[in-house]
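Trainee: Next up, target-v2.cif (mmCIF, C-alpha atoms).
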data_my_file
loop_
_atom_site.label_atom_id
_atom_site.label_comp_id
_atom_site.auth_asym_id
_atom_site.auth_seq_id
_atom_site.Cartn_x
_atom_site.Cartn_y
_atom_site.Cartn_z
CA MET A 15 -5.25 -2.54 -21.68
CA GLN A 16 -7.71 -4.30 -23.96
CA ARG A 17 -5.42 -7.35 -24.15
CA CYS A 18 -4.95 -7.30 -20.37
CA ARG A 19 -8.69 -7.33 -19.90
CA GLY A 20 -8.76 -10.37 -22.15
CA GLY A 21 -6.40 -12.17 -19.73
CA SER A 22 -3.13 -11.78 -21.68
CA ARG A 23 -0.22 -12.32 -19.30
CA GLU A 24 2.23 -10.88 -21.85
CA ALA A 25 0.24 -7.63 -21.95
CA PHE A 26 0.08 -7.56 -18.15
CA GLU A 27 3.84 -8.07 -17.96
CA VAL A 28 4.24 -4.77 -19.83
CA PHE A 29 2.30 -2.99 -17.07
CA VAL A 30 4.34 -4.74 -14.38
CA ASN A 31 7.63 -3.70 -15.98
CA ARG A 32 6.41 -0.14 -16.37
CA TYR A 33 5.11 0.31 -12.82
CA MET A 34 7.13 -2.12 -10.65
CA LYS A 35 9.54 0.54 -9.38
CA ASP A 36 6.71 2.96 -8.59
CA ALA A 37 4.84 0.18 -6.82
CA TYR A 38 7.87 -0.91 -4.78
CA PHE A 39 8.94 2.58 -3.71
CA ILE A 40 5.39 3.69 -2.88
CA ALA A 41 4.91 0.56 -0.77
CA LEU A 42 8.28 1.21 0.88
CA GLY A 43 7.18 4.76 1.66
CA LEU A 44 3.95 3.52 3.17
CA VAL A 45 5.21 0.55 5.19
CA GLY A 46 8.87 1.50 5.68
CA ASN A 47 10.32 -1.98 5.26
CA ARG A 48 12.02 -3.43 2.15
CA GLU A 49 10.87 -7.04 2.45
CA ASP A 50 7.26 -6.06 3.13
CA ALA A 51 7.33 -3.46 0.34
CA LEU A 52 8.50 -6.05 -2.18
CA ASP A 53 5.93 -8.61 -1.07
CA LEU A 54 3.04 -6.12 -0.96
CA SER A 55 3.86 -4.56 -4.31
CA GLN A 56 3.96 -8.00 -5.96
CA GLU A 57 0.75 -9.06 -4.24
CA ALA A 58 -0.92 -5.86 -5.51
CA PHE A 59 -0.01 -6.83 -9.07
CA VAL A 60 -1.41 -10.34 -8.55
CA ARG A 61 -4.71 -8.88 -7.29
CA ALA A 62 -4.73 -6.37 -10.12
CA TYR A 63 -4.33 -9.22 -12.64
CA ARG A 64 -7.20 -11.16 -11.08
CA ASN A 65 -9.48 -8.10 -11.10
CA ILE A 66 -8.30 -6.40 -14.28
CA LYS A 67 -11.75 -6.66 -15.85
CA GLN A 68 -13.00 -4.18 -13.28
CA VAL A 69 -11.02 -1.38 -14.94
CA LYS A 70 -13.56 0.34 -17.13
CA PRO A 71 -12.58 0.87 -20.77
CA GLY A 72 -10.84 4.19 -21.28
CA ARG A 73 -9.64 4.37 -17.65
CA LYS A 74 -5.96 4.44 -16.76
CA PHE A 75 -4.32 1.46 -15.10
CA PHE A 76 -2.12 3.19 -12.53
CA PRO A 77 -4.74 5.13 -10.48
CA TRP A 78 -6.80 1.95 -10.18
CA PHE A 79 -3.74 -0.13 -9.32
CA TYR A 80 -2.64 2.46 -6.76
CA GLN A 81 -5.88 1.94 -4.82
CA ILE A 82 -5.20 -1.78 -4.56
CA LEU A 83 -1.60 -1.18 -3.47
CA LYS A 84 -2.58 1.46 -0.92
CA ASN A 85 -5.36 -0.69 0.56
CA LEU A 86 -2.95 -3.61 0.89
CA CYS A 87 -0.33 -1.43 2.60
CA ILE A 88 -2.84 0.15 4.98
CA SER A 89 -4.27 -3.25 5.80
CA HIS A 90 -0.72 -4.51 6.46
CA LEU A 91 0.01 -1.54 8.74
CA ARG A 92 -3.19 -2.15 10.69
CA LYS A 93 -2.32 -5.80 11.18
CA ARG A 94 1.16 -4.79 12.29
CA ARG A 95 -0.27 -2.29 14.79
CA TYR A 96 -2.72 -4.91 16.02
CA ARG A 97 0.09 -7.45 16.46
CA ARG A 98 2.12 -4.86 18.33
CA ALA A 99 -0.82 -3.94 20.56
CA SER A 100 -1.77 -7.54 21.23
CA SER A 101 1.77 -8.67 21.92
CA LEU A 102 3.24 -8.25 25.36
CA ASP A 103 3.92 -4.70 26.48
CA ALA A 104 6.61 -3.57 24.01
CA GLU A 105 8.46 -1.64 26.67
CA ASP A 106 8.95 -4.84 28.62
CA CYS A 107 9.99 -6.67 25.52
CA PRO A 108 12.73 -4.79 23.59
CA GLU A 109 12.83 -7.35 20.74
CA VAL A 110 9.16 -6.72 19.94
CA ALA A 111 9.67 -2.96 20.13
CA ALA A 112 12.66 -3.13 17.78
CA SER A 113 10.89 -5.24 15.21
CA ALA A 114 7.86 -2.90 15.26
CA ASP A 115 9.97 0.16 14.52
CA VAL A 116 10.34 -0.45 10.81
CA PHE A 117 10.86 3.08 9.52
CA SER A 118 14.52 2.44 9.93
CA PRO A 119 16.99 4.81 8.21
CA ASP A 120 18.83 1.89 6.60
CA VAL A 121 16.63 2.21 3.49
CA VAL A 122 17.96 5.72 2.83
CA ALA A 123 20.65 6.02 0.15
CA ASP A 124 23.89 7.91 0.98
CA ARG A 125 22.64 8.00 4.51
CA ASN A 126 23.67 10.54 7.09
CA GLU A 127 22.07 11.65 10.34
CA VAL A 128 19.95 14.37 8.72
CA LYS A 129 18.52 12.09 6.00
CA GLY A 130 17.87 9.38 8.57
CA LYS A 131 15.90 11.82 10.72
CA VAL A 132 13.88 13.05 7.74
CA TRP A 133 12.94 9.47 6.85
CA GLU A 134 11.97 8.70 10.42
CA ALA A 135 9.86 11.89 10.52
CA ILE A 136 8.10 10.85 7.30
CA GLY A 137 7.33 7.54 9.00
CA LYS A 138 5.60 9.46 11.81
CA LEU A 139 3.16 11.23 9.47
CA ASP A 140 -0.34 9.87 9.24
CA GLU A 141 -1.14 7.78 6.17
CA LYS A 142 -2.87 10.41 4.04
CA HIS A 143 -0.09 12.94 4.60
CA ARG A 144 2.67 10.39 4.16
CA GLU A 145 1.33 9.24 0.80
CA VAL A 146 1.39 12.74 -0.74
CA ILE A 147 4.96 13.25 0.45
CA ILE A 148 5.98 9.87 -1.00
CA LEU A 149 4.27 10.49 -4.34
CA ARG A 150 5.67 14.01 -4.66
CA HIS A 151 9.19 13.62 -3.27
CA PHE A 152 10.07 10.02 -4.02
CA ARG A 153 8.16 9.43 -7.27
CA ALA A 154 8.29 13.05 -8.51
CA MET A 155 4.62 12.95 -9.51
CA SER A 156 2.86 16.16 -10.59
CA TYR A 157 -0.15 17.46 -8.68
CA ASP A 158 -2.39 16.26 -11.52
CA GLN A 159 -0.94 12.74 -11.35
CA ILE A 160 -1.27 12.66 -7.55
CA ALA A 161 -4.87 13.88 -7.75
CA GLU A 162 -5.61 11.19 -10.32
CA ALA A 163 -4.06 8.46 -8.16
CA LEU A 164 -5.86 9.61 -5.01
CA PHE A 165 -9.19 10.25 -6.77
CA CYS A 166 -9.34 13.77 -5.38
CA ASN A 167 -8.92 17.25 -6.78
CA LYS A 168 -5.73 19.29 -6.99
CA GLY A 169 -6.90 21.52 -4.14
CA THR A 170 -6.97 18.52 -1.81
CA VAL A 171 -3.46 17.53 -2.91
CA THR A 172 -2.20 21.07 -2.21
CA SER A 173 -3.88 21.15 1.15
CA ARG A 174 -2.54 17.72 2.19
CA LEU A 175 0.97 18.68 1.09
CA TYR A 176 0.72 21.89 3.11
CA TYR A 177 -0.27 20.09 6.32
CA ALA A 178 2.16 17.23 5.71
CA ARG A 179 5.04 19.67 5.35
CA LYS A 180 3.89 21.69 8.35
CA ARG A 181 3.93 18.50 10.39
CA LEU A 182 7.38 17.61 9.05
CA GLN A 183 8.60 21.07 10.08
CA GLU A 184 7.33 20.40 13.60
CA LEU A 185 8.93 16.98 13.73
CA LEU A 186 12.24 18.21 12.36
CA GLU A 187 12.04 21.59 14.08
CA THR A 188 12.84 23.44 10.87
CA GLY A 189 9.99 25.95 11.31
CA LYS A 190 10.18 29.54 12.54
CA GLY A 191 13.47 30.18 14.27
CA GLY A 192 14.33 26.52 14.06
CA GLY A 193 16.56 26.64 11.02
CA THR A 194 18.01 23.20 10.67
CA SER A 195 19.02 23.15 14.34
CA GLY A 196 16.65 20.29 15.02
CA LEU A 197 18.65 18.19 12.61
CA ARG A 198 22.01 18.78 14.15
CA MET B 4 -7.21 38.17 -2.46
CA ALA B 5 -6.56 37.68 1.23
CA CYS B 6 -3.33 36.24 2.60
CA ASP B 7 -5.06 32.92 3.33
CA ASP B 8 -6.00 32.61 -0.35
CA TYR B 9 -2.37 33.02 -1.32
CA LYS B 10 -1.42 30.29 1.15
CA ASP B 11 -3.20 27.86 -1.17
CA LEU B 12 -0.73 28.88 -3.87
CA LEU B 13 2.27 28.48 -1.61
CA MET B 14 2.68 24.74 -2.19
CA SER B 15 2.08 25.05 -5.93
CA TYR B 16 4.68 27.82 -6.12
CA LEU B 17 7.17 25.75 -4.14
CA ASP B 18 6.65 22.75 -6.42
CA ASP B 19 6.63 24.78 -9.62
CA GLU B 20 3.02 23.93 -10.40
CA LEU B 21 1.74 27.45 -11.13
CA SER B 22 1.01 28.98 -14.51
CA ALA B 23 3.15 31.98 -15.52
CA GLU B 24 0.30 34.38 -14.67
CA GLN B 25 -0.38 32.78 -11.25
CA ARG B 26 3.34 32.85 -10.54
CA ARG B 27 3.59 36.55 -11.38
CA GLN B 28 0.59 37.36 -9.13
CA PHE B 29 1.99 35.30 -6.28
CA GLU B 30 5.43 36.93 -6.53
CA GLU B 31 3.74 40.34 -6.46
CA HIS B 32 1.99 39.35 -3.26
CA LEU B 33 5.20 37.99 -1.75
CA ALA B 34 6.96 41.30 -2.36
CA GLY B 35 4.46 43.07 -0.10
CA CYS B 36 3.78 40.33 2.46
CA PRO B 37 6.61 39.43 4.84
CA ASP B 38 4.50 36.72 6.53
CA CYS B 39 3.96 34.75 3.32
CA ALA B 40 7.57 35.38 2.23
CA GLY B 41 8.80 34.08 5.59
CA GLU B 42 6.61 31.00 5.41
CA LEU B 43 7.83 30.30 1.89
CA GLU B 44 11.45 30.46 3.05
CA GLU B 45 10.73 27.94 5.80
CA PHE B 46 9.08 25.58 3.33
CA LYS B 47 12.01 26.01 0.93
CA LYS B 48 14.41 24.95 3.70
CA LEU B 49 12.31 21.87 4.41
CA LYS B 50 12.02 21.00 0.72
CA ALA B 51 15.78 21.29 0.27
CA ILE B 52 16.27 18.80 3.12
CA THR B 53 13.60 16.36 1.92
CA ASP B 54 14.82 16.54 -1.68
CA GLU B 55 18.19 15.21 -0.53
CA VAL B 56 16.63 12.00 0.76
CA ALA B 57 16.66 9.15 -1.76
CA LEU B 58 15.79 5.54 -1.04
CA VAL B 59 18.16 2.65 -1.63
CA GLU B 60 17.64 1.09 -5.05
CA PRO B 61 17.28 -2.71 -4.69
CA GLU B 62 19.73 -5.02 -6.45
CA ASP B 63 19.12 -5.62 -10.17
CA ARG B 64 18.26 -9.23 -9.36
CA ILE B 65 15.10 -8.04 -7.58
CA TRP B 66 13.85 -6.31 -10.76
CA GLN B 67 14.92 -9.23 -12.97
CA ASP B 68 12.94 -11.71 -10.87
CA TYR B 69 10.04 -9.36 -10.20
CA TRP B 70 7.74 -10.48 -13.02
CA SER B 71 8.55 -14.17 -12.62
CA ASN B 72 7.58 -13.97 -8.93
CA ILE B 73 4.25 -12.41 -9.87
CA TYR B 74 3.74 -14.94 -12.67
CA ASN B 75 4.41 -17.80 -10.24
CA ARG B 76 1.92 -16.40 -7.72
CA ILE B 77 -0.75 -16.07 -10.42
CA GLU B 78 -0.08 -19.58 -11.71
CA ARG B 79 -0.04 -21.10 -8.23
CA GLY B 80 -3.29 -19.31 -7.41
CA ILE B 81 -4.98 -21.00 -10.37
CA GLY B 82 -3.36 -24.34 -9.38
CA TRP B 83 -4.62 -24.05 -5.80
CA ILE B 84 -8.16 -23.25 -6.94
CA MET B 85 -8.24 -26.32 -9.25
CA PHE B 86 -6.68 -28.52 -6.57
CA SER B 87 -9.14 -27.35 -3.91
CA VAL B 88 -12.22 -27.81 -6.11
CA ALA B 89 -11.08 -31.30 -7.16
CA ALA B 90 -10.20 -32.29 -3.58
CA VAL B 91 -13.60 -31.17 -2.27
CA ALA B 92 -15.45 -32.97 -5.08
CA LEU B 93 -13.47 -36.18 -4.48
CA ALA B 94 -13.92 -35.97 -0.69
CA ILE B 95 -17.68 -35.56 -1.06
CA TYR B 96 -17.89 -38.46 -3.54
CA CYS B 97 -15.75 -40.78 -1.42
CA GLY B 98 -17.63 -39.76 1.71
CA PHE B 99 -20.98 -40.70 0.21
CA ARG B 100 -19.59 -44.01 -1.08
CA ALA B 101 -18.09 -44.82 2.32
CA ILE B 102 -21.34 -44.03 4.13
CA GLU B 103 -23.25 -46.15 1.64
CA GLU B 104 -20.89 -49.11 2.15
CA LEU B 105 -20.98 -48.73 5.89
CA ILE B 106 -24.78 -48.74 6.08
CA ARG B 107 -25.02 -51.80 3.81
CA ASP B 108 -22.37 -53.78 5.64
CA THR B 109 -24.22 -56.07 8.05
CA GLY B 110 -20.99 -57.25 9.68
CA VAL B 111 -20.30 -53.85 11.29
CA GLU B 112 -21.75 -53.19 14.72
CA VAL B 113 -24.44 -50.50 15.02
CA ALA B 114 -22.43 -48.58 17.63
CA LEU B 115 -19.44 -48.41 15.28
CA LYS B 116 -21.69 -47.30 12.42
CA VAL B 117 -23.19 -44.54 14.56
CA GLY B 118 -19.73 -43.44 15.73
CA LEU B 119 -18.31 -43.27 12.21
CA LEU B 120 -21.38 -41.48 10.89
CA ALA B 121 -21.12 -38.92 13.72
CA LEU B 122 -17.43 -38.44 12.86
CA ILE B 123 -18.24 -37.82 9.20
CA ALA B 124 -21.16 -35.52 10.12
CA GLY B 125 -18.85 -33.56 12.47
CA LEU B 126 -16.25 -33.13 9.71
CA ALA B 127 -18.97 -31.99 7.30
CA ILE B 128 -20.27 -29.41 9.82
CA LEU B 129 -16.72 -28.10 10.40
CA PHE B 130 -16.12 -27.87 6.66
CA VAL B 131 -19.38 -25.99 6.03
CA SER B 132 -18.66 -23.67 8.95
CA VAL B 133 -15.16 -22.80 7.64
CA MET B 134 -16.50 -22.27 4.12
CA ARG B 135 -19.28 -20.01 5.42
CA GLU B 136 -16.75 -17.98 7.40
CA ARG B 137 -14.51 -17.63 4.32
CA LEU B 138 -17.51 -16.54 2.25
CA TYR B 139 -18.46 -13.98 4.91
CA PHE B 140 -15.00 -12.38 4.81
CA TRP B 141 -14.75 -12.64 1.03
CA LYS B 142 -17.97 -10.63 0.69
CA ARG B 143 -16.38 -7.92 2.80
CA ASP B 144 -13.03 -8.01 0.99
CA ARG B 145 -12.18 -4.39 0.21
CA TYR B 146 -10.15 -5.23 -2.87
CA LYS B 147 -12.64 -7.28 -4.85
CA ASP B 148 -14.87 -4.26 -5.37
CA VAL B 149 -12.18 -1.85 -6.48
CA LYS B 150 -13.83 -0.37 -9.57
CA ARG B 151 -12.84 2.88 -11.21
#
In structure tokens, write the structure found in this file.
Mentor:
Amino acid sequence: MQRCRGGSREAFEVFVNRYMKDAYFIALGLVGNREDALDLSQEAFVRAYRNIKQVKPGRKFFPWFYQILKNLCISHLRKRRYRRASSLDAEDCPEVAASADVFSPDVVADRNEVKGKVWEAIGKLDEKHREVIILRHFRAMSYDQIAEALFCNKGTVTSRLYYARKRLQELLETGKGGGTSGLR
Amino acid sequence: MACDDYKDLLMSYLDDELSAEQRRQFEEHLAGCPDCAGELEEFKKLKAITDEVALVEPEDRIWQDYWSNIYNRIERGIGWIMFSVAAVALAIYCGFRAIEELIRDTGVEVALKVGLLALIAGLAILFVSVMRERLYFWKRDRYKDVKR
């Protein structure tokens, strides 16, 4: 970290190699599109390199980097929503509607109908609930790691996971009496 | 502890984040609370479904080129900054020299001089306006102040 703060690109490359997969998959979870996820994750590293001196000595790289990545993704989603809203009425323009629906199941490995529906349901969660699901399920991060990345306490992580999963149950109809019928 | 207090432990239990003692206490509660036990079962079903979902791993080429793409962006960023600073400095210098020449040249009509000076002044105003706008948005850039 000391060498990175001094502007060493070789030292920064070590961080990139260590966190590139996390960055890509988190961005994918937040924006739902492979090309955008790749571009945004790389842009986050570029911004991190330019601002690396802002990481205080003794602080970890990833939680700080995660804030940059998340802000970029949220900003991207807002622009996308704005473009969608300012374009012609999507219902009258199927091409616009199709391109806006980016939480497409084609990014799911060994895809079947159930997995596709779960991914689409994750895409319908609001940002703060989606990010805890992504960090927990797709990056297998512990509650401590998630709390560190989100700059909140473990109680907040638990609470967000609870409401995120409740919402997923509603969307997938797997709650009381629902079984997995909603996925069939 | 009330049932609502145990609900806070539900997620931690599901994700295996409890200490042995917390786990024992929670399991004791579950044994006597069908509501919490039922809710846990529903969450287990959901977790089993979500755990099956994995995202497509990009081709190896993407990871191999990942750093070089970032390196190129960083390098080009520095290149663009140098290019822009030099271009602005040269444009200002040449502009002043051109104005100087124009004013001194007695062979050029006054109307043409006024027209050219207005053109240069207009360009300068546009340039300052764009720069001021960029500065305004840069000051409000959410990323530049990320400090932890």
Trainee: Could you tell me which residues the PyMOL selection byres ((chain A and resi 80) around 10) returns for this structure, as a list in words?
Mentor: Asp36, Ala37, Ile40, Ala41, Ser55, Ala58, Phe59, Ala62, Phe75, Phe76, Pro77, Trp78, Phe79, Gln81, Ile82, Leu83, Lys84, Asn85, Leu86, Glu162, Ala163 and Leu164 of chain A
Trainee: Please produce a file of those selected residues containing C-alpha atoms, as a CSV table (one decimal), in the frame of the given file.
Mentor:
chain,number,residue,atom,x,y,z
A,36,ASP,CA,6.7,3.0,-8.6
A,37,ALA,CA,4.8,0.2,-6.8
A,40,ILE,CA,5.4,3.7,-2.9
A,41,ALA,CA,4.9,0.6,-0.8
A,55,SER,CA,3.9,-4.6,-4.3
A,58,ALA,CA,-0.9,-5.9,-5.5
A,59,PHE,CA,0.0,-6.8,-9.1
A,62,ALA,CA,-4.7,-6.4,-10.1
A,75,PHE,CA,-4.3,1.5,-15.1
A,76,PHE,CA,-2.1,3.2,-12.5
A,77,PRO,CA,-4.7,5.1,-10.5
A,78,TRP,CA,-6.8,2.0,-10.2
A,79,PHE,CA,-3.7,-0.1,-9.3
A,81,GLN,CA,-5.9,1.9,-4.8
A,82,ILE,CA,-5.2,-1.8,-4.6
A,83,LEU,CA,-1.6,-1.2,-3.5
A,84,LYS,CA,-2.6,1.5,-0.9
A,85,ASN,CA,-5.4,-0.7,0.6
A,86,LEU,CA,-3.0,-3.6,0.9
A,162,GLU,CA,-5.6,11.2,-10.3
A,163,ALA,CA,-4.1,8.5,-8.2
A,164,LEU,CA,-5.9,9.6,-5.0
Trainee: So how far away is atom CA of A:Ile66 from atom CA of A:Cys18, in Å?
Mentor: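 Pair atom CA of A:Cys18 / atom CA of A:Ile66 returns 7.0 Å.
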Trainee: Write down, as an mmCIF file with C-alpha atoms, keeping the file's coordinate frame, each residue of chain B that has any atom within 8 Å of an atom of chain A, counting all atoms listed in the file.
Mentor:
data_model
loop_
_atom_site.group_PDB
_atom_site.id
_atom_site.type_symbol
_atom_site.label_atom_id
_atom_site.label_comp_id
_atom_site.auth_asym_id
_atom_site.auth_seq_id
_atom_site.Cartn_x
_atom_site.Cartn_y
_atom_site.Cartn_z
ATOM 1 C CA ASP B 11 -3.200 27.860 -1.170
ATOM 2 C CA MET B 14 2.680 24.740 -2.190
ATOM 3 C CA SER B 15 2.080 25.050 -5.930
ATOM 4 C CA GLU B 20 3.020 23.930 -10.400
ATOM 5 C CA GLU B 45 10.730 27.940 5.800
ATOM 6 C CA PHE B 46 9.080 25.580 3.330
ATOM 7 C CA LYS B 48 14.410 24.950 3.700
ATOM 8 C CA LEU B 49 12.310 21.870 4.410
ATOM 9 C CA ILE B 52 16.270 18.800 3.120
ATOM 10 C CA THR B 53 13.600 16.360 1.920
ATOM 11 C CA ASP B 54 14.820 16.540 -1.680
ATOM 12 C CA GLU B 55 18.190 15.210 -0.530
ATOM 13 C CA VAL B 56 16.630 12.000 0.760
ATOM 14 C CA ALA B 57 16.660 9.150 -1.760
ATOM 15 C CA LEU B 58 15.790 5.540 -1.040
ATOM 16 C CA VAL B 59 18.160 2.650 -1.630
ATOM 17 C CA GLU B 60 17.640 1.090 -5.050
ATOM 18 C CA TRP B 66 13.850 -6.310 -10.760
ATOM 19 C CA TYR B 69 10.040 -9.360 -10.200
ATOM 20 C CA TRP B 70 7.740 -10.480 -13.020
ATOM 21 C CA ASN B 72 7.580 -13.970 -8.930
ATOM 22 C CA ILE B 73 4.250 -12.410 -9.870
ATOM 23 C CA ARG B 76 1.920 -16.400 -7.720
ATOM 24 C CA ILE B 77 -0.750 -16.070 -10.420
ATOM 25 C CA ARG B 145 -12.180 -4.390 0.210
ATOM 26 C CA TYR B 146 -10.150 -5.230 -2.870
ATOM 27 C CA LYS B 147 -12.640 -7.280 -4.850
ATOM 28 C CA VAL B 149 -12.180 -1.850 -6.480
ATOM 29 C CA LYS B 150 -13.830 -0.370 -9.570
ATOM 30 C CA ARG B 151 -12.840 2.880 -11.210
#
Trainee: Using atom CA of B:Tyr16 and atom CA of B:Leu43 as the two end points, give the distance in Å to one decimal.
Mentor: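 Rounded to one decimal, the two atoms are 9.0 Å apart.
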Trainee: Work out how far atom CA of A:Leu185 is from atom CA of A:Lys138, in Å to one decimal.
Mentor: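 Spanning atom CA of A:Lys138 to atom CA of A:Leu185 is a straight-line distance of 8.4 Å.
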Trainee: I'd like to know which of A:Cys166, A:Val45, A:Ser118, A:Arg95 is closest to A:Glu141, using all atoms listed in the file.
Mentor: A:Val45
Trainee: Set the distance at 10 Å and use all atoms listed in the file: which residues neighbour B:Leu105 once local chain neighbours fewer than 3 positions away are removed? I'd like the list as a VMD selection string.
Mentor: chain B and resid 99 to 102 108 to 113 115 to 117 119 to 120
Trainee: For B:Cys39, which residue among B:Leu13, B:Gly118, B:Glu78, B:Glu24 is the nearest when counting only C-alpha atoms?
Mentor: B:Leu13
Trainee: With only C-alpha atoms as the counted atoms, please give the residues lying no more than 10 Å from stretch 84-98 of chain B, apart from itself and same-chain residues fewer than 4 positions off, as a list of chain:residue names.
Mentor: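 Returned residues: B:Arg79, B:Gly80, B:Ile102, B:Glu103, B:Glu104, B:Ile123, B:Ala127, B:Phe130.
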Trainee: Can those selected residues be exported to a file as an mmCIF file, in the frame of the given file so that it contains C-alpha atoms?
Mentor:
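Contents of selection_15.cif, as written:
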data_model
loop_
_atom_site.group_PDB
_atom_site.id
_atom_site.type_symbol
_atom_site.label_atom_id
_atom_site.label_comp_id
_atom_site.auth_asym_id
_atom_site.auth_seq_id
_atom_site.Cartn_x
_atom_site.Cartn_y
_atom_site.Cartn_z
ATOM 1 C CA ARG B 79 -0.040 -21.100 -8.230
ATOM 2 C CA GLY B 80 -3.290 -19.310 -7.410
ATOM 3 C CA ILE B 102 -21.340 -44.030 4.130
ATOM 4 C CA GLU B 103 -23.250 -46.150 1.640
ATOM 5 C CA GLU B 104 -20.890 -49.110 2.150
ATOM 6 C CA ILE B 123 -18.240 -37.820 9.200
ATOM 7 C CA ALA B 127 -18.970 -31.990 7.300
ATOM 8 C CA PHE B 130 -16.120 -27.870 6.660
#
Trainee: Under the rule that only C-alpha atoms are counted, which of A:Val146, A:Ala154, A:Tyr177, A:Lys93 is the nearest residue to B:Asp19?
Mentor: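 With only C-alpha atoms as the atom set, the closest residue is A:Ala154.
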Trainee: Mind rebuilding stretch 118-134 of chain B with N, CA and C atoms and writing that out as a short mmCIF file (atom, residue, chain, number, x, y, z; two decimals), in the coordinates of the input?
Mentor:
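The new file rebuild-v8.cif reads:
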data_model
loop_
_atom_site.label_atom_id
_atom_site.label_comp_id
_atom_site.auth_asym_id
_atom_site.auth_seq_id
_atom_site.Cartn_x
_atom_site.Cartn_y
_atom_site.Cartn_z
N GLY B 118 -20.94 -44.22 15.42
CA GLY B 118 -19.73 -43.44 15.73
C GLY B 118 -19.09 -42.87 14.48
N LEU B 119 -18.94 -43.72 13.46
CA LEU B 119 -18.31 -43.27 12.21
C LEU B 119 -19.16 -42.23 11.49
N LEU B 120 -20.48 -42.45 11.53
CA LEU B 120 -21.38 -41.48 10.89
C LEU B 120 -21.31 -40.12 11.61
N ALA B 121 -21.23 -40.17 12.95
CA ALA B 121 -21.12 -38.92 13.72
C ALA B 121 -19.82 -38.20 13.38
N LEU B 122 -18.74 -39.01 13.22
CA LEU B 122 -17.43 -38.44 12.86
C LEU B 122 -17.51 -37.73 11.51
N ILE B 123 -18.11 -38.41 10.54
CA ILE B 123 -18.24 -37.82 9.20
C ILE B 123 -19.14 -36.58 9.24
N ALA B 124 -20.24 -36.67 10.01
CA ALA B 124 -21.16 -35.52 10.12
C ALA B 124 -20.43 -34.33 10.76
N GLY B 125 -19.62 -34.62 11.79
CA GLY B 125 -18.85 -33.56 12.47
C GLY B 125 -17.90 -32.88 11.50
N LEU B 126 -17.19 -33.69 10.70
CA LEU B 126 -16.25 -33.13 9.71
C LEU B 126 -17.00 -32.25 8.70
N ALA B 127 -18.18 -32.75 8.28
CA ALA B 127 -18.97 -31.99 7.30
C ALA B 127 -19.41 -30.65 7.89
N ILE B 128 -19.83 -30.67 9.17
CA ILE B 128 -20.27 -29.41 9.82
C ILE B 128 -19.10 -28.43 9.90
N LEU B 129 -17.91 -28.96 10.31
CA LEU B 129 -16.72 -28.10 10.40
C LEU B 129 -16.38 -27.49 9.05
N PHE B 130 -16.45 -28.33 8.01
CA PHE B 130 -16.12 -27.87 6.66
C PHE B 130 -17.07 -26.75 6.22
N VAL B 131 -18.37 -26.99 6.42
CA VAL B 131 -19.38 -25.99 6.03
C VAL B 131 -19.17 -24.69 6.81
N SER B 132 -18.86 -24.84 8.10
CA SER B 132 -18.66 -23.67 8.95
C SER B 132 -17.48 -22.83 8.46
N VAL B 133 -16.35 -23.52 8.14
CA VAL B 133 -15.16 -22.80 7.64
C VAL B 133 -15.47 -22.11 6.32
N MET B 134 -16.16 -22.84 5.42
CA MET B 134 -16.50 -22.27 4.12
C MET B 134 -17.41 -21.05 4.27
#
